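With compact mmCIF, C-alpha atoms and all ligand atoms inside, this is target.txt:
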# COMPACT_ATOMS: atom_id res chain seq x y z
CA MET A 186 70.63 -17.11 22.57
CA THR A 187 67.15 -16.71 24.05
CA GLN A 188 66.49 -13.45 25.80
CA GLN A 189 64.16 -12.84 28.65
CA THR A 190 61.88 -10.01 27.59
CA THR A 191 59.57 -9.76 30.59
CA SER A 192 60.58 -9.30 34.21
CA PRO A 193 59.17 -11.74 36.74
CA ASN A 194 55.84 -10.64 38.25
CA ALA A 195 55.46 -7.70 35.86
CA VAL A 196 51.80 -7.25 34.93
CA TRP A 197 50.86 -5.23 31.85
CA GLN A 198 48.64 -2.26 32.73
CA ALA A 199 45.81 -1.26 30.44
CA VAL A 200 46.14 2.31 29.14
CA GLN A 201 43.50 5.03 28.82
CA VAL A 202 45.04 6.79 25.84
CA THR A 203 45.97 4.55 22.92
CA ARG A 204 48.30 4.83 19.96
CA SER A 205 45.35 5.52 17.64
CA ASP A 206 44.19 8.32 19.95
CA ARG A 207 47.61 9.91 19.70
CA GLU A 208 47.82 9.37 15.96
CA ARG A 209 44.42 11.02 15.53
CA LEU A 210 45.70 14.02 17.46
CA ASN A 211 48.87 14.09 15.34
CA GLY A 212 46.95 13.78 12.09
CA HIS A 213 49.12 10.96 10.76
CA ARG A 214 50.22 7.43 11.52
CA GLY A 215 53.46 6.53 13.23
CA ASN A 216 56.12 4.43 11.55
CA ILE A 217 59.63 3.10 12.07
CA LEU A 218 62.14 3.86 9.32
CA TRP A 219 65.17 1.70 9.89
CA PHE A 220 68.25 2.82 7.93
CA THR A 221 71.01 0.21 7.79
CA GLY A 222 74.38 0.25 6.03
CA LEU A 223 78.11 0.56 6.49
CA SER A 224 79.66 3.41 8.43
CA GLY A 225 79.76 6.37 6.06
CA SER A 226 77.00 5.00 3.82
CA GLY A 227 74.74 7.98 4.58
CA LYS A 228 72.38 6.88 7.35
CA SER A 229 72.86 9.94 9.58
CA THR A 230 72.79 12.39 6.71
CA LEU A 231 69.51 10.94 5.48
CA ILE A 232 67.68 10.51 8.77
CA HIS A 233 68.35 14.11 9.80
CA ALA A 234 67.51 15.54 6.38
CA VAL A 235 64.32 13.47 6.14
CA GLU A 236 63.35 14.40 9.70
CA LYS A 237 63.88 18.10 9.04
CA GLN A 238 61.55 17.97 6.07
CA LEU A 239 58.92 15.92 7.89
CA HIS A 240 59.04 18.27 10.85
CA ALA A 241 58.63 21.30 8.56
CA ALA A 242 55.54 19.57 7.14
CA GLY A 243 54.04 19.26 10.63
CA ARG A 244 54.79 15.57 11.22
CA ARG A 245 55.77 14.31 14.66
CA THR A 246 59.20 12.69 14.50
CA TYR A 247 62.16 11.48 16.50
CA SER A 248 65.61 10.41 15.31
CA LEU A 249 67.59 7.67 16.99
CA ASP A 250 71.16 7.94 15.83
CA GLY A 251 73.96 5.41 16.31
CA ASP A 252 76.46 7.60 18.12
CA ASN A 253 73.86 9.43 20.18
CA VAL A 254 72.38 6.36 21.86
CA ARG A 255 75.87 5.26 22.79
CA HIS A 256 76.13 8.43 24.91
CA GLY A 257 73.38 7.22 27.23
CA LEU A 258 70.95 4.36 26.68
CA CYS A 259 73.68 2.08 25.29
CA GLY A 260 76.74 3.84 26.72
CA ASP A 261 77.66 0.72 28.66
CA LEU A 262 77.95 -1.39 25.49
CA GLY A 263 80.96 -2.02 23.27
CA PHE A 264 81.21 -3.55 19.83
CA SER A 265 81.54 -7.26 20.54
CA ASN A 266 78.89 -9.38 18.80
CA GLN A 267 77.05 -9.79 22.09
CA ASP A 268 77.03 -6.03 22.76
CA ARG A 269 75.93 -5.24 19.20
CA VAL A 270 72.98 -7.60 19.64
CA GLU A 271 72.01 -5.93 22.93
CA ASN A 272 72.48 -2.47 21.40
CA ILE A 273 69.98 -3.19 18.63
CA ARG A 274 67.59 -4.96 21.01
CA ARG A 275 67.38 -1.90 23.27
CA ILE A 276 67.01 0.49 20.34
CA GLY A 277 64.28 -1.72 18.88
CA GLU A 278 62.33 -1.59 22.12
CA VAL A 279 62.75 2.19 22.34
CA ALA A 280 61.62 2.59 18.72
CA LYS A 281 58.58 0.45 19.52
CA LEU A 282 57.66 2.72 22.44
CA MET A 283 58.07 5.77 20.23
CA LEU A 284 55.87 4.18 17.60
CA ASP A 285 53.27 3.65 20.32
CA ALA A 286 53.69 7.35 21.14
CA GLY A 287 52.51 7.98 17.56
CA LEU A 288 55.83 9.17 16.16
CA ILE A 289 57.66 8.65 12.90
CA VAL A 290 60.88 7.17 14.27
CA LEU A 291 63.99 7.45 12.13
CA CYS A 292 66.65 4.96 13.16
CA GLY A 293 70.17 5.11 11.75
CA PHE A 294 72.28 2.17 12.85
CA ILE A 295 74.84 0.05 11.04
CA SER A 296 72.90 -2.88 12.53
CA PRO A 297 75.16 -5.32 10.69
CA PHE A 298 73.40 -8.53 11.65
CA ARG A 299 70.36 -9.70 9.72
CA ALA A 300 68.94 -11.58 12.71
CA ASP A 301 68.96 -8.43 14.88
CA ARG A 302 67.13 -6.39 12.24
CA LEU A 303 64.61 -9.20 11.82
CA ARG A 304 64.04 -9.24 15.56
CA VAL A 305 63.27 -5.51 15.57
CA ARG A 306 60.98 -5.93 12.57
CA GLY A 307 59.17 -8.67 14.48
CA LEU A 308 58.40 -6.32 17.40
CA VAL A 309 55.83 -4.36 15.38
CA ALA A 310 53.26 -4.89 12.62
CA PRO A 311 54.57 -5.21 9.03
CA GLU A 312 53.04 -1.88 7.97
CA ASP A 313 54.87 -0.13 10.83
CA PHE A 314 58.41 -1.00 9.82
CA MET A 315 60.38 0.06 6.78
CA GLU A 316 63.89 -1.28 6.35
CA ILE A 317 65.95 1.08 4.22
CA TYR A 318 69.26 -0.22 2.97
CA CYS A 319 71.83 2.51 2.38
CA HIS A 320 73.78 0.70 -0.30
CA CYS A 321 77.29 2.04 -0.69
CA SER A 322 80.46 0.12 -1.46
CA LEU A 323 83.14 -0.26 1.19
CA GLU A 324 85.53 1.54 -1.17
CA VAL A 325 83.34 4.66 -1.32
CA CYS A 326 82.65 4.61 2.44
CA GLU A 327 86.34 4.30 3.08
CA GLN A 328 87.15 7.13 0.69
CA ARG A 329 84.63 9.36 2.47
CA ASP A 330 85.88 8.29 5.89
CA VAL A 331 83.61 10.93 7.45
CA LYS A 332 84.77 10.25 11.00
CA GLY A 333 88.28 9.00 10.24
CA LEU A 334 87.28 5.60 11.60
CA TYR A 335 88.29 3.52 8.56
CA ARG A 336 91.81 4.90 8.75
CA LYS A 337 91.98 3.93 12.42
CA ALA A 338 90.46 0.50 11.72
CA ARG A 339 92.98 -0.19 8.93
CA ALA A 340 95.73 0.80 11.34
CA GLY A 341 94.42 -1.81 13.77
CA LEU A 342 93.32 0.80 16.29
CA ILE A 343 89.63 -0.17 16.21
CA PRO A 344 88.92 -3.86 16.60
CA GLU A 345 85.76 -5.42 15.16
CA PHE A 346 85.04 -2.60 12.72
CA THR A 347 82.17 -3.39 10.36
CA GLY A 348 83.35 -3.99 6.81
CA ILE A 349 87.00 -4.36 7.85
CA SER A 350 87.21 -6.83 10.70
CA SER A 351 83.55 -7.52 11.45
CA PRO A 352 80.89 -8.62 8.93
CA TYR A 353 77.99 -6.66 7.45
CA GLU A 354 75.04 -8.77 6.35
CA PRO A 355 73.02 -6.88 3.71
CA PRO A 356 69.22 -7.01 4.03
CA GLU A 357 67.55 -9.68 1.93
CA TYR A 358 64.14 -8.08 1.59
CA PRO A 359 64.40 -4.38 2.48
CA GLU A 360 61.40 -2.17 1.67
CA LEU A 361 63.79 0.26 0.02
CA VAL A 362 67.34 0.23 -1.35
CA LEU A 363 69.05 3.58 -1.75
CA ASP A 364 72.10 3.89 -3.97
CA THR A 365 73.83 6.20 -1.50
CA GLY A 366 77.21 5.60 -3.15
CA ASN A 367 76.13 7.22 -6.41
CA ALA A 368 72.81 9.03 -6.08
CA THR A 369 72.47 12.48 -4.52
CA VAL A 370 71.09 13.03 -1.03
CA ASP A 371 68.04 14.75 -2.57
CA ALA A 372 67.33 11.84 -4.89
CA CYS A 373 67.53 9.39 -1.98
CA MET A 374 65.23 11.56 0.11
CA GLU A 375 62.70 11.64 -2.72
CA GLN A 376 62.64 7.83 -2.71
CA VAL A 377 62.06 7.75 1.04
CA PHE A 378 59.21 10.26 0.85
CA SER A 379 57.45 8.48 -1.96
CA ARG A 380 57.50 5.18 -0.01
CA LEU A 381 56.57 6.83 3.26
CA SER A 382 53.69 8.92 1.94
CA VAL A 383 51.47 5.88 1.39
CA ARG A 384 52.04 4.72 4.97
CA LEU A 385 51.05 7.85 6.83
P1 LIG B 401 76.65 7.06 8.32
O1 LIG B 401 75.65 7.70 9.22
O2 LIG B 401 76.05 5.94 7.51
O3 LIG B 401 77.90 6.64 9.03
P2 LIG B 401 77.08 9.71 7.31
O4 LIG B 401 75.70 10.19 6.99
O5 LIG B 401 77.70 10.17 8.59
O6 LIG B 401 77.10 8.13 7.22
O7 LIG B 401 78.07 10.11 6.13
C1 LIG B 401 77.75 9.92 4.78
C2 LIG B 401 78.55 10.91 3.90
O8 LIG B 401 78.23 10.65 2.54
C3 LIG B 401 78.18 12.36 4.17
O9 LIG B 401 79.36 13.13 4.07
C4 LIG B 401 77.21 12.69 3.01
O10 LIG B 401 77.22 14.04 2.67
C5 LIG B 401 77.76 11.84 1.89
N1 LIG B 401 76.78 11.42 0.87
C6 LIG B 401 76.96 11.51 -0.47
N2 LIG B 401 75.89 11.06 -1.16
C7 LIG B 401 74.98 10.66 -0.21
C8 LIG B 401 73.68 10.12 -0.30
N3 LIG B 401 73.07 9.87 -1.47
N4 LIG B 401 73.04 9.83 0.86
C9 LIG B 401 73.63 10.07 2.05
N5 LIG B 401 74.87 10.59 2.19
C10 LIG B 401 75.56 10.89 1.07
Show how you would write the structure in this file as structure tokens.
Ligand code: ADP
Amino acid sequence: MTQQTTSPNAVWQAVQVTRSDRERLNGHRGNILWFTGLSGSGKSTLIHAVEKQLHAAGRRTYSLDGDNVRHGLCGDLGFSNQDRVENIRRIGEVAKLMLDAGLIVLCGFISPFRADRLRVRGLVAPEDFMEIYCHCSLEVCEQRDVKGLYRKARAGLIPEFTGISSPYEPPEYPELVLDTGNATVDACMEQVFSRLSVRL
């Protein structure tokens, strides 16, 4: 499916303050950290913990979290394949704007389809995007069942649930793989910081 990305007659306006100006003011570069993985694999836990630590260190951040964007920006979308594609497309564009604002953007989305993640990656320069795979088996995620969603999905109450009745396509070349099924939250955070530090 080809998507129209520019409205008819829209003319790009030159800006007076650029991303590098903002980054200079911030004292660090912006970046997109894209956490992907099954529900319950640890995306939310990690983005908020990493953000808290970055913020305490004086870094400018913003977290885009799966459930939160579905309260507004993507509140009109469901979980059909078509809606999932649109969900990630919108979030990708928002993350790109936030990157241009000079922020470290932490995105936590199941984002089950490889093509959608690749499309977001393609919106920015390679050094601006870090795909972080929260690797955790379905069994462990289901045991955790943080939001009780797996139980509902198994009972047939949630159609098209990733891992149960809708596919998850693991990243082929992520910048980082976290063993969120076995390692501690602290150990995973350490890995993120050591990869991120060379980018800022
Ligand atoms: P998701 O956002 O991917 O749906 P959550 O972050 O909401 O997942 O839930 C993950 C659960 O797994 C939390 O209860 C968290 O405390 C636990 N957990 C255990 N080990 C880790 C780890 N290494 N990284 C992230 N979460 C972990």
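Candidate residues A:Gly333, A:Gly348, A:Gly260, A:Pro356 were compared for distance to A:Ala300, and the nearest is A:Pro356, using all atoms listed in the file.
Take the candidates A:Val202, A:Val383, A:Leu363, A:Ala195 and check each one against ligand LIG 401 (chain B) using only C-alpha atoms and all ligand atoms; the shortest distance goes to A:Leu363.
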Find, counting all atoms listed in the file, the residue in A:Ala338, A:Ile317, A:Leu282, A:Val200 that gets nearest to A:Leu231.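 Of A:Ala338, A:Ile317, A:Leu282, A:Val200, the one nearest A:Leu231 is A:Ile317, counting all atoms listed in the file.
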Residues near A:Thr203, cut-off 9 Å, all atoms listed in the file, skip fewer than 3 positions along chain, as a list in words: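 Counting only the stated atoms, we get Val200, Asp206, Arg207, Glu208, Asp285 and Ala286 of chain A.
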Close residues to ligand LIG 401 (chain B) using all atoms listed in the file, limit 6 Å, as a ChimeraX atom specification: /A:223-231,331,365-366,368-370,373
A:Pro352 surroundings by only C-alpha atoms, 8 Å radius, close-in-sequence under 5 positions cut, as an NGL selection string: :A and (297-298 or 347)
Please produce a file of the residues just selected, as a short mmCIF file (atom, residue, chain, number, x, y, z; two decimals), in the frame of the given file, where the atoms kept are C-alpha atoms.
data_model
loop_
_atom_site.label_atom_id
_atom_site.label_comp_id
_atom_site.auth_asym_id
_atom_site.auth_seq_id
_atom_site.Cartn_x
_atom_site.Cartn_y
_atom_site.Cartn_z
CA PRO A 297 75.16 -5.32 10.69
CA PHE A 298 73.40 -8.53 11.65
CA THR A 347 82.17 -3.39 10.36
#
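The gap separating atom CA of A:Ile273 from atom CA of A:Met374 is 24.1 Å, in Å to one decimal.
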Proximity to A:Met315 - best of A:Lys281, A:Arg380, A:Arg336, A:His233, only C-alpha atoms: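 Comparing A:Lys281, A:Arg380, A:Arg336, A:His233 against A:Met315, the winner is A:Arg380.
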List as a short mmCIF file (atom, residue, chain, number, x, y, z; two decimals) with C-alpha atoms, in the frame of the given file the residues having at least one atom at most 10 Å from position (69.6, -5.5, 12.0) as given in the file, counting all atoms listed in the file.
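Written file, part_14.cif:
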data_model
loop_
_atom_site.label_atom_id
_atom_site.label_comp_id
_atom_site.auth_asym_id
_atom_site.auth_seq_id
_atom_site.Cartn_x
_atom_site.Cartn_y
_atom_site.Cartn_z
CA TRP A 219 65.17 1.70 9.89
CA PHE A 220 68.25 2.82 7.93
CA THR A 221 71.01 0.21 7.79
CA GLY A 222 74.38 0.25 6.03
CA ARG A 269 75.93 -5.24 19.20
CA VAL A 270 72.98 -7.60 19.64
CA ILE A 273 69.98 -3.19 18.63
CA ARG A 274 67.59 -4.96 21.01
CA GLY A 277 64.28 -1.72 18.88
CA PHE A 294 72.28 2.17 12.85
CA ILE A 295 74.84 0.05 11.04
CA SER A 296 72.90 -2.88 12.53
CA PRO A 297 75.16 -5.32 10.69
CA PHE A 298 73.40 -8.53 11.65
CA ARG A 299 70.36 -9.70 9.72
CA ALA A 300 68.94 -11.58 12.71
CA ASP A 301 68.96 -8.43 14.88
CA ARG A 302 67.13 -6.39 12.24
CA LEU A 303 64.61 -9.20 11.82
CA ARG A 304 64.04 -9.24 15.56
CA VAL A 305 63.27 -5.51 15.57
CA ARG A 306 60.98 -5.93 12.57
CA GLU A 316 63.89 -1.28 6.35
CA TYR A 353 77.99 -6.66 7.45
CA GLU A 354 75.04 -8.77 6.35
CA PRO A 355 73.02 -6.88 3.71
CA PRO A 356 69.22 -7.01 4.03
#
Considering only C-alpha atoms, can you say which of A:Glu375, A:Asp268, A:Glu236, A:Glu360 comes closest to A:Glu312?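 Nearest candidate to A:Glu312 out of A:Glu375, A:Asp268, A:Glu236, A:Glu360: A:Glu360.
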Contacts of A:Asp313 at 7 Å or less, counting all atoms listed in the file, minus same-chain residues fewer than 2 places along, as a VMD selection string? chain A and resid 216 to 217 309 to 311 315
Using Å and a single decimal, report how far atom CA of A:Phe378 sits from atom CA of A:Leu361.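 Taking atom CA of A:Leu361 as the start and atom CA of A:Phe378 as the end point, the length is 11.0 Å.
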Closest to A:Asn367 among A:His320, A:Tyr247, A:Asn266, A:Leu334, using only C-alpha atoms?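 So, comparing all the options, the nearest one is A:His320.
Picture a line from atom CA of A:Phe346 to atom CA of A:Ile232; it runs 22.1 Å.
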